[in-house]
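*Asks:* Next up is a structure, given as structure tokens.
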Amino acid sequence: MEEQQSIPGNEIDNEHGEIRSFSTDVGRLFELGFNTGFLTAMQQRKTISSHFGDLYQSDLGYLRFPALMAKLYGHTGVISTWDKETLQRWSLFFLQKGYLAGVNFFDEYLQSFEYCKPHKPRDIVYLQCNFYGESSLGTYPKNERTAVQELMAQFHAQDYAVQLTEQDIQGYSSKGNFLRADTLMLLRYGKQWRILCIDLSVFSLRTAEEASDLTSIEKIRNILATELRYVRSKSVFTNLSIDTDIDTTSEEVLAGQLQHYFTAFKRKDKESVKLIQAASYAYSFYEFLKKQGILTENDSVLLNVVGYTDRSINAMSVNKEHIQLLATCADIYKAQSADQTIAEARSYVLDTIQKAAAKSFGNGRDFMKKLVHLVDNSDGLQWLEHEEKLEGFVNTRAPLTSEQLNATVREHLEKRDYQGKNILDVHASLITKALASQTPYLFLTGNPGIGKTTAVVKFLKSRAMLGEGFLFLYVSPRKQVNLDIIRKFKEEVESGLRSENLFALTTNSIIIRNNYSSPTVHYYSKNRRDTFREHGVKFIFDESEEARHQRASKPGLEEIQEGLVIDRGEQISGVLSSLCNALYAALDKPLSNAIVATVAIQSLKRTGNGGNTLRHLERIFEGAYSKEHGVIPDRMQEISKNIKNFFVMIDEVTGDES
């Protein structure tokens, strides 16, 4: 008989025959805390009904912290009082961290769709949280059949005829099936159904030896530094999101591609593994509900699948039409992938990456082969030279010939607009022609410096020469770019834009925060230099001492006493809201017929009522438009006498999924 090698701090789980590691045990504590917080948040929501009665209150009554710690001491083999106290602090930490995570997650989950059928009551048809068996570290044993019967009693209380045989219980309790889920909820509101499945785990603490003394500030600093390095080590692809509306055929293709990817990283990318595991449970539960007649093919169902670890959250939302994605995850999780299968999947993924990368280089296939060979056969710093000749390169400052322009460009422009002109001039002419048309949306792409923004500015200046007023709203995430836009309008007065007519506005979070978090904008004008208020917004002259003082960033942390630093955490008025209110005032007075407004925002933000921050744009024409009555003709005609052109330009959105 072969002798089984033991791993320090690990032991065999007799029930499932799996290796139980230290991280698994603290993961159980995290799970206990999370589910307790989940139940607490549920009880605090008086408008939500449930059907589990005192089931979980009874289960929690059997749990004792000293008993949990005694089990953990036995699993880790710690003996000394010091080590036990250290382990106890970590256990309390994960219980508390899980509890807060559970409370916040439940509230945020409900808020995410609170706007949907707000008057329909939320009814928790089924809730599954395990506080017994391995979830309790073995301190609270419970008969499996009894536990399942208590869970199914929730359906019986609602007159659902759920029947489970002994074989069914064994099947649904096996790997990848819903009775193994950490947290599982079936929610109904009106005719809408939601299935929420969460798989929980701890990855930041793998062994008992890593459980540093939490009373040491230096060791806590080292722990935080380690976690920070871990987060920094993740590439941008860690935050990959897929939002798709696909047909059945495309769904099967996508599911097949995901199977290769997930299998390839099955052992390494732990966060994605928890998502796959939760997806397997959700798919099993959905099939169970259909089989029992609780859900039908006509029911509207959304499945929310979450892999929740102490380091990150991976989530997936799937309609029943795309259930094949969850079925694929179930196949991956349940399959006992051999080393050969995983190696084949990794080879397939690597080959796919190589083919995609090869398209970016001349003779890219040979280059990628050399690169992979170099990586596989070197253990130090190596150099690889690659040369390629770019055909058809055009200098942006060199005059273009007719042959270098495609037929489409020549069709849209007069000969004088492109003959002897460089690519920047031709680009600007095309933009000007498009802006003068009735095109409501114009998408400009090109390298930095190609002249996208400059062309728009020049167009507006040219319209000003014709006596047409304008409102130009420019949105980008960079404050300096916004100031440069205003500078473009302030300069080149000879272009026809009279400087005394220009009224420029800008704002950002620092300006607002430094004015006691009240709606604030900085303005430039030749006609006035004072500070004034209109429609609840404070207008500060951009070149004043007050404005210079406000632009200086103040720290968000404040030392209220020696050794105690707090985050002021004030709620600032919204940046977009402040600017749109200021524009409303500028049009309502009116303050000018040549208005330039720039605002620095990072992304579109969702609000609690299901809307988003774009609603603030409605404030610009508040005096001439209302949701109840629509456009007010007389007021809109007054505005149109001064403002002929209204342009909104959203720049540098690359990298923002919103």
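Just so we're on the same page: first chain in the structure tokens is A, next is B, and so on; residues restart at 1 for each chain, and ligands are numbered from 1 in the order they show up.
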Within 12 Å of stretch 371-382 of chain A, counting only C-alpha atoms, which residues show up once you throw out same-chain ones fewer than 6 positions away? Write them as JSON, numbers by chain, please.

*Replies:* {"A": [347, 350, 351, 353, 354, 357, 358, 364, 365]}

*Asks:* Do a neighbour search on stretch 537-554 of chain A at 10 Å with only C-alpha atoms, toss out local chain neighbours closer than 5 positions, and write the hits as a PyMOL selection string.

*Replies:* chain A and resi 504-515+518-525+528-532+577-583+585

*Asks:* In Å, how far is it from atom CA of A:Leu184 to atom CA of A:Phe22?

*Replies:*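 Atom CA of A:Leu184 sits 24.7 Å away from atom CA of A:Phe22.
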
*Asks:* So how far away is atom CA of A:Asp417 from atom CA of A:Pro440, in Å?

*Replies:*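 Between these atoms lies a distance of 23.4 Å.
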
*Asks:* Please identify all polymer residues within 10 Å of A:Gly102, counting only C-alpha atoms, omitting same-chain residues fewer than 3 positions from it, and present them as a list in words.

*Replies:*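 Once the adjacent positions are removed, what remains is Phe30, Glu31, Leu32, Gly33, Phe34, Asn35, Thr36, Gly37, Phe38, Leu39, Thr40, Ala41, Met42, Gln96, Lys97, Gly98, Tyr99, Phe105, Phe106, Asp107 and Glu108 of chain A.
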
*Asks:* Atom CA of A:Phe113 and atom CA of A:Glu271 are how many Å apart?

*Replies:*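 Pair atom CA of A:Phe113 / atom CA of A:Glu271 returns 25.2 Å.
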
*Asks:* Would you mind telling me which residue in A:Arg397, A:Lys433, A:Lys274, A:Lys291 lies nearest to A:Ala181 when using only C-alpha atoms?

*Replies:*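 Among A:Arg397, A:Lys433, A:Lys274, A:Lys291, it is A:Lys274 that comes nearest to A:Ala181.
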
*Asks:* So which bits of stretch 109-191 of chain A end up strand (DSSP E) when you DSSP the backbone, as a ChimeraX atom specification?

*Replies:* /A:122-129,183-189

*Asks:* Only N, CA, C and O atoms, please: the residues just picked out, written as an mmCIF file, in the first residue's frame.

*Replies:*
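The resulting file, part.cif, is shown below:
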```cif
data_model
loop_
_atom_site.group_PDB
_atom_site.id
_atom_site.type_symbol
_atom_site.label_atom_id
_atom_site.label_comp_id
_atom_site.auth_asym_id
_atom_site.auth_seq_id
_atom_site.Cartn_x
_atom_site.Cartn_y
_atom_site.Cartn_z
ATOM 1 N N ARG A 122 -41.709 42.332 -2.847
ATOM 2 C CA ARG A 122 -40.635 41.367 -3.054
ATOM 3 C C ARG A 122 -40.894 40.161 -2.156
ATOM 4 O O ARG A 122 -41.007 40.306 -0.946
ATOM 5 N N ASP A 123 -40.944 38.993 -2.762
ATOM 6 C CA ASP A 123 -41.231 37.774 -2.016
ATOM 7 C C ASP A 123 -40.084 36.782 -2.206
ATOM 8 O O ASP A 123 -39.808 36.357 -3.338
ATOM 9 N N ILE A 124 -39.411 36.429 -1.122
ATOM 10 C CA ILE A 124 -38.342 35.437 -1.188
ATOM 11 C C ILE A 124 -38.990 34.058 -1.104
ATOM 12 O O ILE A 124 -39.385 33.600 -0.037
ATOM 13 N N VAL A 125 -39.117 33.420 -2.262
ATOM 14 C CA VAL A 125 -39.784 32.123 -2.347
ATOM 15 C C VAL A 125 -38.931 31.034 -1.712
ATOM 16 O O VAL A 125 -39.447 30.119 -1.067
ATOM 17 N N TYR A 126 -37.608 31.158 -1.870
ATOM 18 C CA TYR A 126 -36.709 30.108 -1.360
ATOM 19 C C TYR A 126 -35.384 30.753 -0.987
ATOM 20 O O TYR A 126 -34.849 31.591 -1.721
ATOM 21 N N LEU A 127 -34.869 30.370 0.168
ATOM 22 C CA LEU A 127 -33.554 30.841 0.596
ATOM 23 C C LEU A 127 -32.767 29.667 1.165
ATOM 24 O O LEU A 127 -33.278 28.927 2.007
ATOM 25 N N GLN A 128 -31.527 29.539 0.697
ATOM 26 C CA GLN A 128 -30.666 28.446 1.153
ATOM 27 C C GLN A 128 -29.357 29.011 1.687
ATOM 28 O O GLN A 128 -28.570 29.597 0.949
ATOM 29 N N CYS A 129 -29.163 28.881 2.990
ATOM 30 C CA CYS A 129 -27.909 29.241 3.652
ATOM 31 C C CYS A 129 -27.541 28.084 4.580
ATOM 32 O O CYS A 129 -28.376 27.675 5.395
ATOM 33 N N THR A 183 -24.871 30.251 -0.887
ATOM 34 C CA THR A 183 -26.022 31.146 -0.721
ATOM 35 C C THR A 183 -26.851 31.079 -1.998
ATOM 36 O O THR A 183 -26.330 31.304 -3.093
ATOM 37 N N LEU A 184 -28.141 30.780 -1.839
ATOM 38 C CA LEU A 184 -29.015 30.610 -2.997
ATOM 39 C C LEU A 184 -30.382 31.199 -2.669
ATOM 40 O O LEU A 184 -30.956 30.893 -1.614
ATOM 41 N N MET A 185 -30.892 32.034 -3.556
ATOM 42 C CA MET A 185 -32.165 32.709 -3.284
ATOM 43 C C MET A 185 -33.018 32.753 -4.549
ATOM 44 O O MET A 185 -32.519 33.022 -5.644
ATOM 45 N N LEU A 186 -34.307 32.480 -4.385
ATOM 46 C CA LEU A 186 -35.303 32.627 -5.450
ATOM 47 C C LEU A 186 -36.237 33.746 -5.036
ATOM 48 O O LEU A 186 -36.896 33.670 -3.995
ATOM 49 N N LEU A 187 -36.271 34.805 -5.842
ATOM 50 C CA LEU A 187 -37.037 36.004 -5.508
ATOM 51 C C LEU A 187 -38.093 36.244 -6.579
ATOM 52 O O LEU A 187 -37.840 36.078 -7.770
ATOM 53 N N ARG A 188 -39.278 36.656 -6.129
ATOM 54 C CA ARG A 188 -40.375 36.948 -7.060
ATOM 55 C C ARG A 188 -40.939 38.327 -6.768
ATOM 56 O O ARG A 188 -41.130 38.701 -5.611
ATOM 57 N N TYR A 189 -41.172 39.101 -7.839
ATOM 58 C CA TYR A 189 -41.876 40.375 -7.701
ATOM 59 C C TYR A 189 -42.761 40.540 -8.930
ATOM 60 O O TYR A 189 -42.288 40.627 -10.057
#
```

*Asks:* Would you list the contacts of A:Lys84 as number ranges by chain, taking every protein, DNA or RNA residue within 10 Å and counting only C-alpha atoms, but skipping same-chain residues closer than 4 positions in sequence?

*Replies:* A: 69-70, 72-73, 76-80, 88-90

*Asks:* Please, which residues of stretch 589-649 of chain A, numbered as in this document, come out helix (DSSP H, G or I) from DSSP, as a PyMOL selection string?

*Replies:* chain A and resi 613-624+633-642

*Asks:* Can those selected residues be exported to a file as a PDB file, in the first residue's frame so that it contains C-alpha atoms?

*Replies:*
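selection_16.pdb was written with the following content:
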```
ATOM      1  CA  THR A 613     -26.465  61.164 -14.313  1.00  0.00           C
ATOM      2  CA  LEU A 614     -27.485  62.039 -17.885  1.00  0.00           C
ATOM      3  CA  ARG A 615     -30.797  63.232 -16.459  1.00  0.00           C
ATOM      4  CA  HIS A 616     -28.999  66.455 -15.456  1.00  0.00           C
ATOM      5  CA  LEU A 617     -28.817  67.461 -19.136  1.00  0.00           C
ATOM      6  CA  GLU A 618     -32.561  68.106 -19.001  1.00  0.00           C
ATOM      7  CA  ARG A 619     -31.826  71.070 -16.719  1.00  0.00           C
ATOM      8  CA  ILE A 620     -30.144  73.011 -19.529  1.00  0.00           C
ATOM      9  CA  PHE A 621     -33.467  73.816 -21.226  1.00  0.00           C
ATOM     10  CA  GLU A 622     -35.605  73.717 -18.100  1.00  0.00           C
ATOM     11  CA  GLY A 623     -37.051  77.139 -18.834  1.00  0.00           C
ATOM     12  CA  ALA A 624     -38.265  76.008 -22.262  1.00  0.00           C
ATOM     13  CA  PRO A 633     -42.676  77.153 -28.082  1.00  0.00           C
ATOM     14  CA  ASP A 634     -42.420  80.818 -26.989  1.00  0.00           C
ATOM     15  CA  ARG A 635     -39.500  80.196 -24.610  1.00  0.00           C
ATOM     16  CA  MET A 636     -37.665  77.954 -27.083  1.00  0.00           C
ATOM     17  CA  GLN A 637     -38.022  80.599 -29.809  1.00  0.00           C
ATOM     18  CA  GLU A 638     -36.492  83.183 -27.502  1.00  0.00           C
ATOM     19  CA  ILE A 639     -33.496  80.917 -26.909  1.00  0.00           C
ATOM     20  CA  SER A 640     -33.136  80.128 -30.629  1.00  0.00           C
ATOM     21  CA  LYS A 641     -32.857  83.841 -31.432  1.00  0.00           C
ATOM     22  CA  ASN A 642     -29.584  83.920 -29.518  1.00  0.00           C
TER      23      ASN A 642
END
```
